[in-house]
Structure formats: structure tokens, C-alpha cells
Amino acid sequence: MPSELPAALQLGRLQLRQSLASDADFLRALYRDVRSDELAATGWPPEAINAFCQSQFDFQRQHYGSYYPDALHYLVEQDGQPIGRLIVEDGPDALRVVDISLLAAQRGQGLGSVLLRWLCDCADAQRQPLALSVEPHNRARHLYLRLGFVQLPGDGLYVTMRRAPTKTEPAE
């Protein structure tokens, strides 16, 4: 199924646009920011943290490219400044949130909710489920549950969650 997701979009205070090669430095910094709490607990020196983040960022990008080759990679901006990323694949069985990340300073302001509600609307319009995977202790799980996601059985490193499409009546 060809994606019905736009290449760029305005969502209230947020702008989404396709991520470019020139965004790589921001995306690396975002990766490190998202992992900052767990990295602080390691006690590693800054150069070890930098090397670890670089290698893991590269590995993640390669993994996403291999497993989600048709995914759309959005850069999330607010007031013209990058604040996060959203990677979405419009697959044959579901619209999948591959990754959603916001800088720590922007979390807890309802911006993730804006992005996810938009994706729920897109999935509903296409009459598809919306799926994602999340770490078991990630605070975002509560948001996903509020939006109607249910946890699927599994025993992996990540919890798989799925939201059934809301029944919408065809327009007359």
C-alpha cells in the first residue's frame, strides 16, 4: 500500500518535514539526549559515552534502514528549531511508529500527544491499526494506553502495543 502520509505537515505548534542528510548532527545529539539518563548511570568518561553513542546511532540507523526500508523519516521542529524525530512505516498490516523521540526539554508538554493523535487519525482514515514497540518501563506507555493502545503478548526486550482503528463512517 503506498503511503498516504505527507512529506511535510504543520501540526499546531509543530512542523514535520522529511529528515535530510544535513540533519545528522542533530539526530546524533537527539540520540544521546534520549539515552542520557541511562548513560549517566554508567560512570563512563565523556569520550567513552561519545564513542558508544556514535556506534549505537549508526547501528540503529542501519537497523531501521534494513527492517523498515520504506519508512518516512520526519524531523520534528518547533518555531523553526529541531526538537525531535518521528519515523513511521505504512506497512501492509499496520501503520507502525518505528521511532518517536523528543529532546528532554520538550517532553511533558503534550507534543508527543499531538504527534500520536495525528498518527491515530491517519491510521483511522486508512482503517489500519497503529502499532509500536516500547521499553517496558518507558513513561510513554501511559500515553499509549490513554490513546487506546493495548499490549500484545510477548516476552522480548520491548513491549509491542497496537491500537485498533476507530470505526469511521464513509462520507456520503
# chains A, B, ... in the order shown; residues from 1 in each chain; ligands from 1
call {"tool": "residues_around", "arguments": {"residues": "Cys122 of chain A", "least_positions_apart": "6", "cutoff": "12 Å", "atoms": "only C-alpha atoms", "output": "MDAnalysis selection string"}}
result
chainID A and resid 3:6 88:90 94:97 115:116 128:130 165:166 168
call {"tool": "write_last_selection", "arguments": {"atoms": "N, CA and C atoms", "output": "compact mmCIF listing (two decimals), in the first residue's frame"}}
result
# COMPACT_ATOMS: atom_id res chain seq x y z
N SER A 3 2.07 4.88 0.82
CA SER A 3 1.81 5.71 1.99
C SER A 3 0.96 6.91 1.62
N GLU A 4 0.01 7.21 2.50
CA GLU A 4 -0.81 8.40 2.35
C GLU A 4 -0.31 9.51 3.29
N LEU A 5 0.85 9.28 3.89
CA LEU A 5 1.41 10.28 4.80
C LEU A 5 2.10 11.37 3.99
N PRO A 6 1.94 12.62 4.42
CA PRO A 6 2.55 13.73 3.67
C PRO A 6 4.05 13.83 3.92
N VAL A 88 8.00 6.61 10.69
CA VAL A 88 6.74 5.89 10.53
C VAL A 88 6.80 5.05 9.27
N GLU A 89 6.35 3.79 9.38
CA GLU A 89 6.24 2.95 8.19
C GLU A 89 4.79 2.57 7.98
N ASP A 90 4.33 2.79 6.78
CA ASP A 90 2.96 2.43 6.39
C ASP A 90 3.02 1.02 5.82
N ALA A 94 -0.27 -2.68 9.31
CA ALA A 94 -0.44 -1.60 10.28
C ALA A 94 0.40 -0.40 9.89
N LEU A 95 -0.01 0.74 10.39
CA LEU A 95 0.83 1.92 10.37
C LEU A 95 1.71 1.78 11.60
N ARG A 96 3.03 1.76 11.43
CA ARG A 96 3.95 1.46 12.53
C ARG A 96 4.78 2.68 12.89
N VAL A 97 4.77 3.02 14.19
CA VAL A 97 5.66 4.04 14.72
C VAL A 97 6.99 3.32 14.99
N LEU A 115 1.62 14.46 18.13
CA LEU A 115 2.13 13.58 17.07
C LEU A 115 1.35 12.27 17.02
N LEU A 116 1.12 11.68 18.18
CA LEU A 116 0.43 10.39 18.21
C LEU A 116 -1.04 10.51 17.82
N GLN A 128 -6.57 1.22 9.40
CA GLN A 128 -5.45 0.35 9.77
C GLN A 128 -5.19 0.46 11.26
N PRO A 129 -4.66 -0.59 11.86
CA PRO A 129 -4.17 -0.45 13.23
C PRO A 129 -2.92 0.44 13.25
N LEU A 130 -2.63 0.98 14.42
CA LEU A 130 -1.40 1.72 14.65
C LEU A 130 -0.60 0.89 15.64
N PRO A 165 -8.12 0.45 14.63
CA PRO A 165 -8.69 1.67 14.05
C PRO A 165 -10.08 1.92 14.60
N THR A 166 -10.38 3.21 14.79
CA THR A 166 -11.70 3.60 15.21
C THR A 166 -12.62 3.47 14.01
N THR A 168 -14.97 4.44 11.44
CA THR A 168 -15.42 5.70 10.86
C THR A 168 -16.40 5.40 9.74
call {"tool": "residues_around", "arguments": {"residues": "Asp99 of chain A", "least_positions_apart": "4", "cutoff": "9 Å", "atoms": "only C-alpha atoms", "output": "MDAnalysis selection string"}}
result
chainID A and resid 85:88 132:133
call {"tool": "closest_atom_pairs", "arguments": {"of": "segment 30-87 of chain A", "to": "segment 109-112 of chain A", "cutoff": "10 Å", "atoms": "only C-alpha atoms", "output": "CSV"}}
result
residue,atom,partner,partner_atom,distance
A:Val76,CA,A:Leu111,CA,9.8
A:Gln78,CA,A:Leu111,CA,9.8
A:Gly84,CA,A:Gly112,CA,9.7
A:Leu86,CA,A:Gly112,CA,9.8
call {"tool": "atom_distance", "arguments": {"atom1": "atom CA of His73 of chain A", "atom2": "atom CA of Leu20 of chain A"}}
result
8.6 Å
call {"tool": "residues_around", "arguments": {"residues": "Ala29 of chain A", "least_positions_apart": "6", "cutoff": "10 Å", "atoms": "only C-alpha atoms", "output": "JSON, numbers by chain"}}
result
{"A": [35, 50, 53, 54, 57, 103]}
call {"tool": "write_last_selection", "arguments": {"atoms": "all heavy atoms", "output": "CSV table (one decimal), in the first residue's frame"}}
result
chain,number,residue,atom,x,y,z
A,35,ARG,N,19.1,9.0,25.5
A,35,ARG,CA,19.8,8.0,26.3
A,35,ARG,C,20.6,8.5,27.5
A,35,ARG,O,21.3,7.8,28.3
A,35,ARG,CB,20.8,7.2,25.5
A,35,ARG,CG,20.2,6.7,24.2
A,35,ARG,CD,19.9,5.2,24.1
A,35,ARG,NE,20.5,4.2,24.8
A,35,ARG,CZ,21.2,3.2,24.3
A,35,ARG,NH1,21.5,3.1,23.1
A,35,ARG,NH2,21.7,2.3,25.1
A,50,ASN,N,30.7,9.3,24.1
A,50,ASN,CA,30.6,9.8,22.8
A,50,ASN,C,30.8,8.6,21.8
A,50,ASN,O,30.1,8.5,20.8
A,50,ASN,CB,31.6,10.9,22.5
A,50,ASN,CG,31.3,12.2,23.2
A,50,ASN,OD1,30.1,12.4,23.5
A,50,ASN,ND2,32.3,13.0,23.4
A,53,CYS,N,27.7,6.3,21.8
A,53,CYS,CA,26.5,6.9,21.2
A,53,CYS,C,26.7,6.9,19.7
A,53,CYS,O,25.8,6.7,18.9
A,53,CYS,CB,26.3,8.3,21.7
A,53,CYS,SG,25.6,8.3,23.4
A,54,GLN,N,27.9,7.2,19.2
A,54,GLN,CA,28.2,7.2,17.8
A,54,GLN,C,27.9,5.9,17.2
A,54,GLN,O,27.2,5.7,16.2
A,54,GLN,CB,29.6,7.7,17.5
A,54,GLN,CG,30.0,7.7,16.0
A,54,GLN,CD,29.2,8.7,15.2
A,54,GLN,OE1,28.9,9.8,15.7
A,54,GLN,NE2,28.7,8.3,14.0
A,57,PHE,N,24.1,4.9,17.4
A,57,PHE,CA,23.4,5.7,16.5
A,57,PHE,C,23.5,5.1,15.1
A,57,PHE,O,22.5,4.9,14.4
A,57,PHE,CB,23.8,7.1,16.5
A,57,PHE,CG,23.1,8.0,15.5
A,57,PHE,CD1,21.8,8.4,15.7
A,57,PHE,CD2,23.7,8.3,14.3
A,57,PHE,CE1,21.1,9.2,14.7
A,57,PHE,CE2,23.1,9.1,13.3
A,57,PHE,CZ,21.8,9.5,13.5
A,103,LEU,N,13.6,15.9,22.4
A,103,LEU,CA,14.6,16.3,23.3
A,103,LEU,C,13.9,16.4,24.7
A,103,LEU,O,12.7,16.7,24.9
A,103,LEU,CB,15.1,17.7,22.9
A,103,LEU,CG,15.9,17.8,21.7
A,103,LEU,CD1,16.2,19.3,21.3
A,103,LEU,CD2,17.3,17.1,21.8
call {"tool": "select_by_dssp", "arguments": {"residues": "chain A", "states": "alpha helix (DSSP H)", "output": "PyMOL selection string"}}
result
chain A and resi 24-34+36-40+46-67+111-125+140-146
call {"tool": "closest_residue", "arguments": {"among": "A:Arg162, A:Arg141, A:Arg32, A:Arg13", "to": "Ala123 of chain A", "atoms": "only C-alpha atoms"}}
result
A:Arg162
call {"tool": "atom_distance", "arguments": {"atom1": "atom CA of Glu77 of chain A", "atom2": "atom CA of Asp58 of chain A"}}
result
22.4 Å
call {"tool": "select_by_dssp", "arguments": {"residues": "chain A", "states": "strand (DSSP E or B)", "output": "ChimeraX atom specification"}}
result
/A:8-11,14-18,72-78,81-90,95-102,130-134,150-151,159-163
